[in-house]
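Just model.cif here, mmCIF, C-alpha atoms and all ligand atoms:
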```cif
data_structure
#
loop_
_atom_site.group_PDB
_atom_site.id
_atom_site.type_symbol
_atom_site.label_atom_id
_atom_site.label_comp_id
_atom_site.auth_asym_id
_atom_site.auth_seq_id
_atom_site.Cartn_x
_atom_site.Cartn_y
_atom_site.Cartn_z
ATOM 1 C CA MET X 1 0.000 0.000 0.000
ATOM 2 C CA LEU X 2 1.270 3.463 -0.811
ATOM 3 C CA ASP X 3 1.994 5.372 2.385
ATOM 4 C CA VAL X 4 0.469 8.820 1.819
ATOM 5 C CA LEU X 5 1.690 11.709 3.976
ATOM 6 C CA VAL X 6 -0.074 15.032 4.027
ATOM 7 C CA ASN X 7 1.947 18.246 4.331
ATOM 8 C CA ILE X 8 0.335 21.555 5.153
ATOM 9 C CA ASP X 9 2.389 24.742 4.994
ATOM 10 C CA VAL X 10 1.564 27.289 7.675
ATOM 11 C CA ASP X 11 3.110 30.559 8.778
ATOM 12 C CA ASP X 12 2.439 30.053 12.505
ATOM 13 C CA LEU X 13 3.131 26.566 13.839
ATOM 14 C CA ASP X 14 1.588 27.002 17.288
ATOM 15 C CA ALA X 15 -1.596 28.487 15.842
ATOM 16 C CA ALA X 16 -1.772 25.654 13.317
ATOM 17 C CA VAL X 17 -1.341 22.952 15.967
ATOM 18 C CA GLY X 18 -4.069 24.671 17.992
ATOM 19 C CA PHE X 19 -6.435 24.823 15.051
ATOM 20 C CA TYR X 20 -5.950 21.295 13.718
ATOM 21 C CA THR X 21 -6.111 19.573 17.094
ATOM 22 C CA GLN X 22 -9.162 21.566 18.188
ATOM 23 C CA ALA X 23 -11.045 21.357 14.904
ATOM 24 C CA PHE X 24 -10.469 17.647 14.194
ATOM 25 C CA GLU X 25 -9.808 14.433 16.082
ATOM 26 C CA LEU X 26 -6.041 14.804 15.707
ATOM 27 C CA ARG X 27 -3.252 14.756 18.286
ATOM 28 C CA VAL X 28 0.330 15.883 18.271
ATOM 29 C CA GLY X 29 2.930 13.229 17.422
ATOM 30 C CA ARG X 30 6.572 14.153 16.972
ATOM 31 C CA ARG X 31 7.808 17.735 17.082
ATOM 32 C CA PHE X 32 10.662 18.687 14.795
ATOM 33 C CA GLY X 33 11.973 21.757 16.577
ATOM 34 C CA ARG X 34 10.432 24.983 15.276
ATOM 35 C CA ALA X 35 10.137 23.558 11.764
ATOM 36 C CA ALA X 36 7.338 21.022 11.819
ATOM 37 C CA VAL X 37 4.836 19.076 13.908
ATOM 38 C CA GLU X 38 3.392 15.661 13.180
ATOM 39 C CA LEU X 39 -0.331 15.134 13.722
ATOM 40 C CA LEU X 40 -1.697 11.651 14.332
ATOM 41 C CA GLY X 41 -5.231 10.295 14.418
ATOM 42 C CA GLY X 42 -6.105 10.565 10.724
ATOM 43 C CA SER X 43 -5.828 7.795 8.121
ATOM 44 C CA SER X 44 -2.597 9.505 6.980
ATOM 45 C CA ARG X 45 -0.042 11.298 9.104
ATOM 46 C CA ILE X 46 -0.226 15.070 8.690
ATOM 47 C CA TYR X 47 2.820 17.330 8.927
ATOM 48 C CA LEU X 48 2.369 21.005 9.654
ATOM 49 C CA LEU X 49 5.376 22.738 8.115
ATOM 50 C CA ARG X 50 6.376 26.237 9.150
ATOM 51 C CA ASN X 51 7.258 28.277 6.083
ATOM 52 C CA ARG X 52 7.496 32.046 5.768
ATOM 53 C CA PRO X 53 4.982 33.897 3.596
ATOM 54 C CA GLY X 54 6.662 34.703 0.293
ATOM 55 C CA SER X 55 9.216 31.873 0.563
ATOM 56 C CA ALA X 56 9.722 29.834 -2.611
ATOM 57 C CA PRO X 57 8.231 26.321 -2.430
ATOM 58 C CA PHE X 58 10.755 24.995 -5.004
ATOM 59 C CA ASP X 59 13.649 26.328 -7.098
ATOM 60 C CA GLY X 60 12.422 28.750 -9.724
ATOM 61 C CA ALA X 61 8.873 28.885 -8.364
ATOM 62 C CA PRO X 62 6.958 31.643 -10.158
ATOM 63 C CA ALA X 63 5.302 32.739 -6.899
ATOM 64 C CA GLY X 64 6.066 32.449 -3.206
ATOM 65 C CA ARG X 65 3.879 30.832 -0.582
ATOM 66 C CA GLU X 66 0.912 32.857 0.469
ATOM 67 C CA TYR X 67 -1.623 32.386 3.208
ATOM 68 C CA LEU X 68 -4.479 34.493 1.942
ATOM 69 C CA ARG X 69 -7.455 32.383 0.888
ATOM 70 C CA HIS X 70 -6.252 30.345 -2.088
ATOM 71 C CA TRP X 71 -7.025 27.085 -3.799
ATOM 72 C CA THR X 72 -4.608 24.450 -5.013
ATOM 73 C CA PRO X 73 -5.584 21.691 -7.466
ATOM 74 C CA VAL X 74 -4.855 19.181 -4.663
ATOM 75 C CA HIS X 75 -6.882 19.487 -1.496
ATOM 76 C CA LEU X 76 -7.912 17.573 1.619
ATOM 77 C CA ASP X 77 -11.271 15.885 2.127
ATOM 78 C CA LEU X 78 -11.978 14.962 5.731
ATOM 79 C CA VAL X 79 -14.709 12.353 6.167
ATOM 80 C CA VAL X 80 -16.910 12.941 9.200
ATOM 81 C CA PRO X 81 -19.966 11.119 10.555
ATOM 82 C CA ASP X 82 -21.933 14.280 11.372
ATOM 83 C CA LEU X 83 -21.413 17.264 9.116
ATOM 84 C CA GLU X 84 -23.101 19.849 11.331
ATOM 85 C CA ALA X 85 -21.169 18.830 14.441
ATOM 86 C CA ALA X 86 -17.843 18.725 12.582
ATOM 87 C CA LEU X 87 -18.539 22.074 10.936
ATOM 88 C CA ALA X 88 -19.436 23.718 14.246
ATOM 89 C CA ARG X 89 -16.271 22.352 15.837
ATOM 90 C CA ALA X 90 -14.067 23.554 12.969
ATOM 91 C CA ILE X 91 -15.630 27.025 13.005
ATOM 92 C CA GLU X 92 -15.159 27.229 16.754
ATOM 93 C CA ALA X 93 -11.477 26.428 16.195
ATOM 94 C CA GLY X 94 -11.101 29.212 13.630
ATOM 95 C CA ALA X 95 -12.221 27.851 10.243
ATOM 96 C CA THR X 96 -14.307 29.923 7.858
ATOM 97 C CA GLN X 97 -17.337 28.221 6.372
ATOM 98 C CA GLU X 98 -17.771 28.840 2.659
ATOM 99 C CA THR X 99 -20.226 26.396 1.093
ATOM 100 C CA VAL X 100 -22.478 23.544 2.185
ATOM 101 C CA ARG X 101 -23.977 21.343 -0.523
ATOM 102 C CA GLU X 102 -25.926 18.154 -0.765
ATOM 103 C CA HIS X 103 -25.228 15.513 -3.404
ATOM 104 C CA ALA X 104 -26.419 11.981 -4.082
ATOM 105 C CA TRP X 105 -23.196 10.702 -2.493
ATOM 106 C CA GLY X 106 -23.502 12.802 0.650
ATOM 107 C CA ARG X 107 -23.077 16.299 2.012
ATOM 108 C CA ILE X 108 -20.055 18.540 1.729
ATOM 109 C CA ALA X 109 -18.914 21.666 3.509
ATOM 110 C CA VAL X 110 -16.085 23.713 2.044
ATOM 111 C CA LEU X 111 -14.035 25.623 4.591
ATOM 112 C CA SER X 112 -10.891 27.604 4.796
ATOM 113 C CA ASP X 113 -8.419 26.985 7.612
ATOM 114 C CA PRO X 114 -6.816 30.069 9.252
ATOM 115 C CA PHE X 115 -3.927 29.792 6.749
ATOM 116 C CA GLY X 116 -6.098 30.121 3.663
ATOM 117 C CA HIS X 117 -6.077 26.413 2.744
ATOM 118 C CA GLY X 118 -9.336 24.946 1.463
ATOM 119 C CA LEU X 119 -10.628 21.894 3.304
ATOM 120 C CA CYS X 120 -13.752 19.874 2.601
ATOM 121 C CA LEU X 121 -15.731 18.023 5.232
ATOM 122 C CA LEU X 122 -17.660 15.108 3.731
ATOM 123 C CA ALA X 123 -20.485 13.148 5.322
ATOM 124 C CA PHE X 124 -21.241 10.256 3.004
ATOM 125 C CA SER X 125 -24.803 9.130 2.313
ATOM 126 C CA GLU X 126 -25.700 5.471 2.712
ATOM 127 C CA ARG X 127 -24.264 4.571 -0.707
ATOM 128 C CA GLY X 128 -21.509 7.175 -0.740
ATOM 129 C CA TYR X 129 -19.746 7.470 -4.090
ATOM 130 C CA ASP X 130 -21.558 4.314 -5.270
ATOM 131 C CA ALA X 131 -24.565 6.601 -5.678
ATOM 132 C CA ILE X 132 -22.903 8.251 -8.670
ATOM 133 C CA LEU X 133 -21.451 5.207 -10.396
ATOM 134 C CA GLY X 134 -22.095 5.240 -14.180
ATOM 135 C CA GLU X 135 -25.458 4.327 -15.594
ATOM 136 C CA GLY X 136 -25.384 0.790 -14.210
ATOM 137 C CA ASP X 137 -27.498 -1.940 -15.757
ATOM 138 C CA PRO X 138 -29.126 -0.493 -18.894
ATOM 139 C CA LYS X 139 -32.103 -2.836 -18.418
ATOM 140 C CA ALA X 140 -32.711 -1.733 -14.830
ATOM 141 C CA LYS X 141 -35.776 0.358 -14.143
ATOM 142 C CA ARG X 142 -34.973 3.684 -12.564
ATOM 143 C CA LEU X 143 -36.629 5.074 -9.490
ATOM 144 C CA LEU X 144 -35.660 8.681 -8.894
ATOM 145 C CA VAL X 145 -36.083 10.146 -5.423
ATOM 146 C CA VAL X 146 -36.061 13.939 -5.487
ATOM 147 C CA ALA X 147 -35.908 14.897 -1.837
ATOM 148 C CA HIS X 148 -35.177 18.123 -0.070
ATOM 149 C CA ALA X 149 -33.835 17.005 3.286
ATOM 150 C CA PRO X 150 -32.431 20.025 5.112
ATOM 151 C CA SER X 151 -32.904 18.667 8.653
ATOM 152 C CA GLU X 152 -32.212 15.574 10.714
ATOM 153 C CA ASN X 153 -35.863 14.502 10.553
ATOM 154 C CA THR X 154 -36.175 14.948 6.812
ATOM 155 C CA ARG X 155 -32.908 13.060 6.328
ATOM 156 C CA ARG X 156 -34.290 10.186 8.408
ATOM 157 C CA MET X 157 -37.384 10.199 6.211
ATOM 158 C CA LEU X 158 -35.238 10.162 3.086
ATOM 159 C CA ASP X 159 -33.138 7.302 4.458
ATOM 160 C CA ALA X 160 -36.335 5.355 5.154
ATOM 161 C CA VAL X 161 -37.636 5.954 1.615
ATOM 162 C CA MET X 162 -34.298 4.811 0.181
ATOM 163 C CA ARG X 163 -34.271 1.716 2.399
ATOM 164 C CA GLY X 164 -37.685 0.776 1.055
ATOM 165 C CA ALA X 165 -36.694 1.636 -2.500
ATOM 166 C CA ARG X 166 -33.828 -0.865 -2.273
ATOM 167 C CA HIS X 167 -36.118 -3.682 -1.184
ATOM 168 C CA PRO X 168 -34.751 -7.125 -2.124
ATOM 169 C CA ASP X 169 -37.953 -7.854 -4.074
ATOM 170 C CA ALA X 170 -37.030 -4.994 -6.374
ATOM 171 C CA ALA X 171 -33.508 -6.092 -7.290
ATOM 172 C CA GLY X 172 -34.039 -4.970 -10.889
ATOM 173 C CA VAL X 173 -34.738 -1.387 -9.855
ATOM 174 C CA GLU X 174 -32.016 1.206 -9.451
ATOM 175 C CA ALA X 175 -33.127 3.740 -6.858
ATOM 176 C CA ARG X 176 -31.241 7.000 -6.743
ATOM 177 C CA HIS X 177 -31.604 10.107 -4.596
ATOM 178 C CA VAL X 178 -30.904 13.525 -5.972
ATOM 179 C CA ALA X 179 -31.361 16.812 -4.147
ATOM 180 C CA PRO X 180 -33.828 19.107 -5.945
ATOM 181 C CA LEU X 181 -31.241 21.852 -6.460
ATOM 182 C CA GLU X 182 -28.986 19.292 -8.181
ATOM 183 C CA ALA X 183 -31.670 17.534 -10.243
ATOM 184 C CA ARG X 184 -31.721 18.217 -13.975
ATOM 185 C CA PRO X 185 -34.371 17.519 -16.621
ATOM 186 C CA ALA X 186 -32.260 14.544 -17.786
ATOM 187 C CA ASP X 187 -32.706 12.896 -14.387
ATOM 188 C CA VAL X 188 -36.478 13.075 -14.760
ATOM 189 C CA LEU X 189 -36.498 12.086 -18.433
ATOM 190 C CA GLY X 190 -34.438 9.004 -17.528
ATOM 191 C CA ALA X 191 -36.678 7.952 -14.633
ATOM 192 C CA ASP X 192 -39.387 5.272 -14.779
ATOM 193 C CA ALA X 193 -40.982 6.512 -11.559
ATOM 194 C CA ILE X 194 -40.338 9.291 -9.109
ATOM 195 C CA VAL X 195 -40.727 9.972 -5.399
ATOM 196 C CA LEU X 196 -40.901 13.604 -4.286
ATOM 197 C CA LEU X 197 -40.128 14.532 -0.692
ATOM 198 C CA THR X 198 -40.418 18.108 0.485
ATOM 199 C CA PRO X 199 -40.883 20.060 3.691
ATOM 200 C CA GLU X 200 -43.764 22.493 3.904
ATOM 201 C CA ASN X 201 -42.351 25.970 4.396
ATOM 202 C CA LEU X 202 -44.556 29.037 4.743
ATOM 203 C CA GLY X 203 -47.576 27.090 3.581
ATOM 204 C CA ALA X 204 -45.979 25.780 0.400
ATOM 205 C CA MET X 205 -43.396 23.307 -0.901
ATOM 206 C CA SER X 206 -39.808 24.250 -0.102
ATOM 207 C CA GLY X 207 -38.101 26.776 -2.340
ATOM 208 C CA ALA X 208 -35.639 24.099 -3.455
ATOM 209 C CA MET X 209 -38.468 21.839 -4.649
ATOM 210 C CA LYS X 210 -40.127 24.758 -6.440
ATOM 211 C CA ASP X 211 -36.813 25.555 -8.112
ATOM 212 C CA PHE X 212 -36.657 21.934 -9.297
ATOM 213 C CA PHE X 213 -40.063 22.208 -10.954
ATOM 214 C CA ASP X 214 -39.240 25.627 -12.411
ATOM 215 C CA ARG X 215 -36.165 24.172 -14.108
ATOM 216 C CA ILE X 216 -37.571 20.872 -15.350
ATOM 217 C CA TYR X 217 -41.113 21.907 -16.285
ATOM 218 C CA HIS X 218 -40.744 22.932 -19.913
ATOM 219 C CA ALA X 219 -38.122 20.289 -20.716
ATOM 220 C CA CYS X 220 -40.380 17.554 -19.330
ATOM 221 C CA LEU X 221 -43.772 18.827 -20.506
ATOM 222 C CA ASP X 222 -45.282 16.372 -23.035
ATOM 223 C CA ARG X 223 -42.311 14.009 -22.570
ATOM 224 C CA THR X 224 -43.119 12.536 -19.153
ATOM 225 C CA GLU X 225 -46.877 12.035 -19.338
ATOM 226 C CA ALA X 226 -48.153 9.334 -16.956
ATOM 227 C CA LEU X 227 -44.835 9.189 -15.081
ATOM 228 C CA PRO X 228 -45.770 7.339 -11.869
ATOM 229 C CA TYR X 229 -45.022 9.408 -8.799
ATOM 230 C CA SER X 230 -45.665 9.617 -5.099
ATOM 231 C CA LEU X 231 -45.334 12.570 -2.797
ATOM 232 C CA VAL X 232 -44.104 12.781 0.806
ATOM 233 C CA ILE X 233 -44.697 15.975 2.773
ATOM 234 C CA ARG X 234 -42.986 16.898 6.033
ATOM 235 C CA GLY X 235 -44.526 19.704 8.076
ATOM 236 C CA ARG X 236 -44.770 20.776 11.680
ATOM 237 C CA HIS X 237 -48.460 21.771 11.490
ATOM 238 C CA ASP X 238 -49.937 21.199 8.054
ATOM 239 C CA GLY X 239 -49.055 20.115 4.546
ATOM 240 C CA THR X 240 -52.108 20.957 2.525
ATOM 241 C CA GLY X 241 -50.594 24.013 0.834
ATOM 242 C CA THR X 242 -47.717 21.864 -0.379
ATOM 243 C CA LYS X 243 -50.042 19.145 -1.662
ATOM 244 C CA ARG X 244 -52.083 21.716 -3.552
ATOM 245 C CA GLY X 245 -49.018 23.383 -5.063
ATOM 246 C CA VAL X 246 -47.293 20.175 -6.114
ATOM 247 C CA GLU X 247 -50.464 18.631 -7.526
ATOM 248 C CA THR X 248 -51.189 21.759 -9.572
ATOM 249 C CA ILE X 249 -47.793 21.412 -11.214
ATOM 250 C CA LEU X 250 -48.120 17.657 -11.668
ATOM 251 C CA ASN X 251 -51.557 18.010 -13.236
ATOM 252 C CA GLY X 252 -49.836 20.227 -15.777
ATOM 253 C CA LEU X 253 -47.126 17.647 -16.368
ATOM 254 C CA LYS X 254 -49.789 14.884 -16.372
ATOM 255 C CA TRP X 255 -47.833 12.643 -14.023
ATOM 256 C CA LYS X 256 -49.769 9.761 -12.471
ATOM 257 C CA ALA X 257 -50.100 9.501 -8.675
ATOM 258 C CA VAL X 258 -49.420 5.959 -7.509
ATOM 259 C CA GLU X 259 -50.643 6.616 -3.983
ATOM 260 C CA ARG X 260 -52.244 9.363 -1.995
ATOM 261 C CA PRO X 261 -49.645 11.834 -0.626
ATOM 262 C CA LEU X 262 -47.962 10.751 2.592
ATOM 263 C CA PHE X 263 -48.130 13.455 5.259
ATOM 264 C CA CYS X 264 -45.608 13.348 8.122
ATOM 265 C CA ILE X 265 -46.873 16.171 10.311
ATOM 266 C CA GLY X 266 -45.864 17.090 13.866
ATOM 267 C CA GLU X 267 -43.409 15.009 15.879
ATOM 268 C CA LEU X 268 -41.659 12.515 13.650
ATOM 269 C CA ASP X 269 -42.466 9.039 14.935
ATOM 270 C CA ASP X 270 -41.662 5.500 13.899
ATOM 271 C CA ALA X 271 -45.040 5.148 12.192
ATOM 272 C CA CYS X 272 -44.086 7.983 9.815
ATOM 273 C CA LEU X 273 -40.676 6.467 9.123
ATOM 274 C CA ASP X 274 -42.260 3.058 8.511
ATOM 275 C CA ALA X 275 -44.722 4.683 6.118
ATOM 276 C CA CYS X 276 -41.824 6.338 4.267
ATOM 277 C CA GLU X 277 -40.060 2.988 3.954
ATOM 278 C CA GLU X 278 -43.242 1.312 2.778
ATOM 279 C CA LEU X 279 -43.810 4.016 0.197
ATOM 280 C CA GLY X 280 -40.269 3.538 -1.163
ATOM 281 C CA ALA X 281 -40.826 -0.229 -1.294
ATOM 282 C CA THR X 282 -44.228 0.117 -2.972
ATOM 283 C CA MET X 283 -42.738 2.288 -5.680
ATOM 284 C CA ALA X 284 -39.766 -0.010 -6.293
ATOM 285 C CA ILE X 285 -41.681 -3.297 -6.146
ATOM 286 C CA GLY X 286 -44.477 -1.884 -8.299
ATOM 287 C CA LEU X 287 -41.926 -0.767 -10.847
ATOM 288 C CA GLU X 288 -40.169 -4.138 -10.812
ATOM 289 C CA ALA X 289 -43.464 -5.960 -11.265
ATOM 290 C CA GLY X 290 -44.545 -3.667 -14.094
ATOM 291 C CA ILE X 291 -47.691 -2.601 -12.221
ATOM 292 C CA PHE X 292 -47.345 1.078 -13.091
HETATM 293 C C1 LIG E 1 -39.197 29.101 7.297
HETATM 294 C C2 LIG E 1 -40.015 27.916 7.717
HETATM 295 C C3 LIG E 1 -41.338 27.868 7.441
HETATM 296 C C4 LIG E 1 -42.111 26.790 7.823
HETATM 297 N N1 LIG E 1 -43.427 26.762 7.507
HETATM 298 C C5 LIG E 1 -44.166 25.697 7.826
HETATM 299 C C6 LIG E 1 -45.540 25.630 7.452
HETATM 300 O O1 LIG E 1 -46.079 26.510 6.808
HETATM 301 N N2 LIG E 1 -46.249 24.535 7.810
HETATM 302 C C7 LIG E 1 -45.687 23.514 8.528
HETATM 303 O O2 LIG E 1 -46.385 22.549 8.829
HETATM 304 N N3 LIG E 1 -44.372 23.540 8.890
HETATM 305 C C8 LIG E 1 -43.600 24.597 8.557
HETATM 306 N N4 LIG E 1 -42.274 24.636 8.885
HETATM 307 C C9 LIG E 1 -41.667 23.481 9.533
HETATM 308 C C10 LIG E 1 -40.960 22.642 8.469
HETATM 309 O O3 LIG E 1 -41.869 22.016 7.644
HETATM 310 C C11 LIG E 1 -40.071 21.630 9.154
HETATM 311 O O4 LIG E 1 -39.156 22.316 9.964
HETATM 312 C C12 LIG E 1 -39.336 20.812 8.121
HETATM 313 O O5 LIG E 1 -40.260 19.997 7.450
HETATM 314 C C13 LIG E 1 -38.261 19.928 8.724
HETATM 315 O O6 LIG E 1 -38.797 19.093 9.704
HETATM 316 P P1 LIG E 1 -38.167 19.055 11.151
HETATM 317 O O7 LIG E 1 -38.216 20.458 11.696
HETATM 318 O O8 LIG E 1 -38.967 18.082 11.927
HETATM 319 O O9 LIG E 1 -36.750 18.606 10.958
HETATM 320 C C14 LIG E 1 -41.504 25.720 8.507
HETATM 321 C C15 LIG E 1 -40.149 25.758 8.789
HETATM 322 C C16 LIG E 1 -39.406 26.831 8.397
HETATM 323 C C17 LIG E 1 -37.927 26.859 8.689
#
```

Could you write out this file's structure as structure tokens?
Ligand SMILES: Cc1cc2nc3c(=O)[nH]c(=O)nc-3n(C[C@H](O)[C@H](O)[C@H](O)COP(=O)(O)O)c2cc1C
Amino acid sequence: MLDVLVNIDVDDLDAAVGFYTQAFELRVGRRFGRAAVELLGGSSRIYLLRNRPGSAPFDGAPAGREYLRHWTPVHLDLVVPDLEAALARAIEAGATQETVREHAWGRIAVLSDPFGHGLCLLAFSERGYDAILGEGDPKAKRLLVVAHAPSENTRRMLDAVMRGARHPDAAGVEARHVAPLEARPADVLGADAIVLLTPENLGAMSGAMKDFFDRIYHACLDRTEALPYSLVIRGRHDGTGTKRGVETILNGLKWKAVERPLFCIGELDDACLDACEELGATMAIGLEAGIF
């Protein structure tokens, strides 16, 4: 196995040790005088290297080192179990949060350390990078799950839908989650059935879900008629505004409801999660059996 070492140039060694040990589950290993410190606890050893701003990283370098915010074509991804907790801890230690995004493979936060280096925190979804493997089996039927899951509860609902969608009785179905802000018309045009999951915000579907419809509507109009779908709504008090709004759009697209909308309103309980799983399974098994 190739032994990979990570080197991070910094202009202040003590500050860097403070940041990296506070922000992440790392501890100090060997100290090499005032020049470098080894950090242990990651899958690779990390060396913090003290180097003056402006110093040349190699002979003939066109530019010296700089510690303003910058980006190099090689960067660190740190895999964490809980993105929010890891992000809060890193910010507390002195990181600057720049972007948080959701993908089929998981969630990512881009940060800058106090020395201007970009770092990404990754929290993988259940399938991780497998979720974006090629097109898979060309004969497989495709179940697309467009879910806006901005909270712990909505993520649990999404996980339950995906668990159901990967039911062993639907082995010929490829179920894939895509966040609404990431979904493109091609995702919908390539789907054999679709599950929509949205929170109710301000009496309507979430802005992200509305953005999804805004972007796919014209490309999918007259090309996705009778697409089987089901709808899951998460709200604290009510979900009727969301149902009305989504159904108005889907009447226009002429998609075909497989089931009545599933409302998960109020405290999220096991019954709701079971219903989400059952809905995912119904969609996948129905698709496999050719019922829709
Ligand atoms: C700005 C905002 C507006 C909301 N409006 C509604 C609403 O109109 N009706 C409702 O039932 N819940 C509403 N909620 C609650 C969300 O639906 C709920 O927080 C979301 O579905 C995530 O579920 P959770 O809070 O259990 O994680 C709102 C939440 C936010 C942040």

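The residues caught by the PyMOL selection byres (((chain X and resi 100-115) around 7) and not hetatm) in this file are Val10, Tyr67, Leu68, Gly94, Ala95, Thr96, Gln97, Glu98, Thr99, Gly116, His117, Gly118, Leu119, Cys120, Leu121, Leu122, Ala123, Phe124, Ser125, Arg127, Gly128, Tyr129, Ala131, Ile132, His177, Val178 and Ala179 of chain X.
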
May I have the residues within 8 Å of X:Arg184 as a PyMOL selection string, using all atoms listed in the file and disregarding those fewer than 6 positions away in the same chain?
chain X and resi 212+215-216

What is the atom CA of X:Trp255 to atom CA of X:Arg236 distance in Å?
27.1 Å

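Compared by their closest atoms to ligand LIG 1 (chain E), and using only C-alpha atoms and all ligand atoms, the residues X:Ala281, X:Ile249, X:Met157, X:Ala171 rank with X:Met157 nearest.
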
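Shortest separation to X:Asp14 among X:Gly64, X:Ala36, X:Ala208, X:Gly29 occurs at residue X:Ala36, atoms counted being only C-alpha atoms.
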